[in-house]
Amino acid sequence: MFISQFTKLKTLLEDEFPGDLEITSEGTPTTTGWFEVQVNGVLVHSKKNGDGFVDNDQKLARIVRAIEKALGK
């Protein structure tokens with residue numbers, strides 16, 4: 001599940017910001033339930049903290065706004 005959620009979000013963000021992002025993932029094999037998005041080290045989305053997966057436009061928009069701010073757009 002994580003891989004498909006990560007791949008989906010990665011594709012959406014790369015389409016929105018072509019060539020501007022370095023997107024990485026880090027597995028947590030001993031801990032389940034984590035799906036976090038950081039922008040320049042700032043946590044902007046956390047499944048563990050109640051945000052769930054990035055499964056609607058509002059959640060995606062919050063991440064996009066954080067990226068735009070970091071890129072100065």
# chains A, B, ... in the order shown; residues from 1 in each chain; ligands from 1
>>> residues_around(residues="Leu21 in chain A", least_positions_apart="2", cutoff="10 Å", atoms="only C-alpha atoms", output="JSON, numbers by chain")
{"A": [10, 13, 14, 16, 17, 18, 19, 23, 24, 39, 67, 71]}
>>> select_by_dssp(residues="chain A", states="strand (DSSP E or B)", output="list in words")
Glu36, Val37, Gln38, Val39, Val42, Leu43, Val44, His45 and Ser46 of chain A
>>> write_last_selection(atoms="N, CA and C atoms", output="PDB file, in the first residue's frame")
ATOM      1  N   GLU A  36       4.728  10.208   5.754  1.00  0.00           N
ATOM      2  CA  GLU A  36       4.970  11.610   6.060  1.00  0.00           C
ATOM      3  C   GLU A  36       5.563  12.328   4.862  1.00  0.00           C
ATOM      4  N   VAL A  37       5.232  13.607   4.762  1.00  0.00           N
ATOM      5  CA  VAL A  37       5.773  14.455   3.701  1.00  0.00           C
ATOM      6  C   VAL A  37       6.462  15.635   4.370  1.00  0.00           C
ATOM      7  N   GLN A  38       7.731  15.801   4.039  1.00  0.00           N
ATOM      8  CA  GLN A  38       8.494  16.942   4.533  1.00  0.00           C
ATOM      9  C   GLN A  38       8.922  17.797   3.352  1.00  0.00           C
ATOM     10  N   VAL A  39       8.917  19.094   3.556  1.00  0.00           N
ATOM     11  CA  VAL A  39       9.416  20.041   2.563  1.00  0.00           C
ATOM     12  C   VAL A  39      10.530  20.829   3.239  1.00  0.00           C
ATOM     13  N   VAL A  42      10.635  20.382   6.945  1.00  0.00           N
ATOM     14  CA  VAL A  42       9.438  20.750   7.705  1.00  0.00           C
ATOM     15  C   VAL A  42       8.336  19.741   7.406  1.00  0.00           C
ATOM     16  N   LEU A  43       7.787  19.137   8.435  1.00  0.00           N
ATOM     17  CA  LEU A  43       6.712  18.164   8.272  1.00  0.00           C
ATOM     18  C   LEU A  43       5.426  18.880   7.872  1.00  0.00           C
ATOM     19  N   VAL A  44       4.895  18.549   6.687  1.00  0.00           N
ATOM     20  CA  VAL A  44       3.669  19.204   6.217  1.00  0.00           C
ATOM     21  C   VAL A  44       2.495  18.232   6.104  1.00  0.00           C
ATOM     22  N   HIS A  45       2.763  16.925   6.221  1.00  0.00           N
ATOM     23  CA  HIS A  45       1.692  15.927   6.172  1.00  0.00           C
ATOM     24  C   HIS A  45       2.168  14.692   6.926  1.00  0.00           C
ATOM     25  N   SER A  46       1.316  14.147   7.790  1.00  0.00           N
ATOM     26  CA  SER A  46       1.689  12.971   8.567  1.00  0.00           C
ATOM     27  C   SER A  46       0.488  12.065   8.794  1.00  0.00           C
TER      28      SER A  46
END
>>> select_by_dssp(residues="chain A", states="alpha helix (DSSP H)", output="MDAnalysis selection string")
chainID A and resid 2:16 57:71
>>> closest_residue(among="A:Asp15, A:Leu60, A:Thr28, A:Glu68", to="Asn40 in chain A", atoms="only C-alpha atoms")
A:Glu68
>>> atom_distance(atom1="CA of Lys69 in chain A", atom2="CA of Asn56 in chain A")
20.5 Å
>>> atom_distance(atom1="CA of Gly52 in chain A", atom2="CA of Glu22 in chain A")
22.5 Å
>>> closest_residue(among="A:Val64, A:Lys59, A:Thr11, A:Phe6", to="Gly27 in chain A", atoms="only C-alpha atoms")
A:Phe6
>>> atom_distance(atom1="CA of Leu9 in chain A", atom2="CA of Lys48 in chain A")
16.9 Å
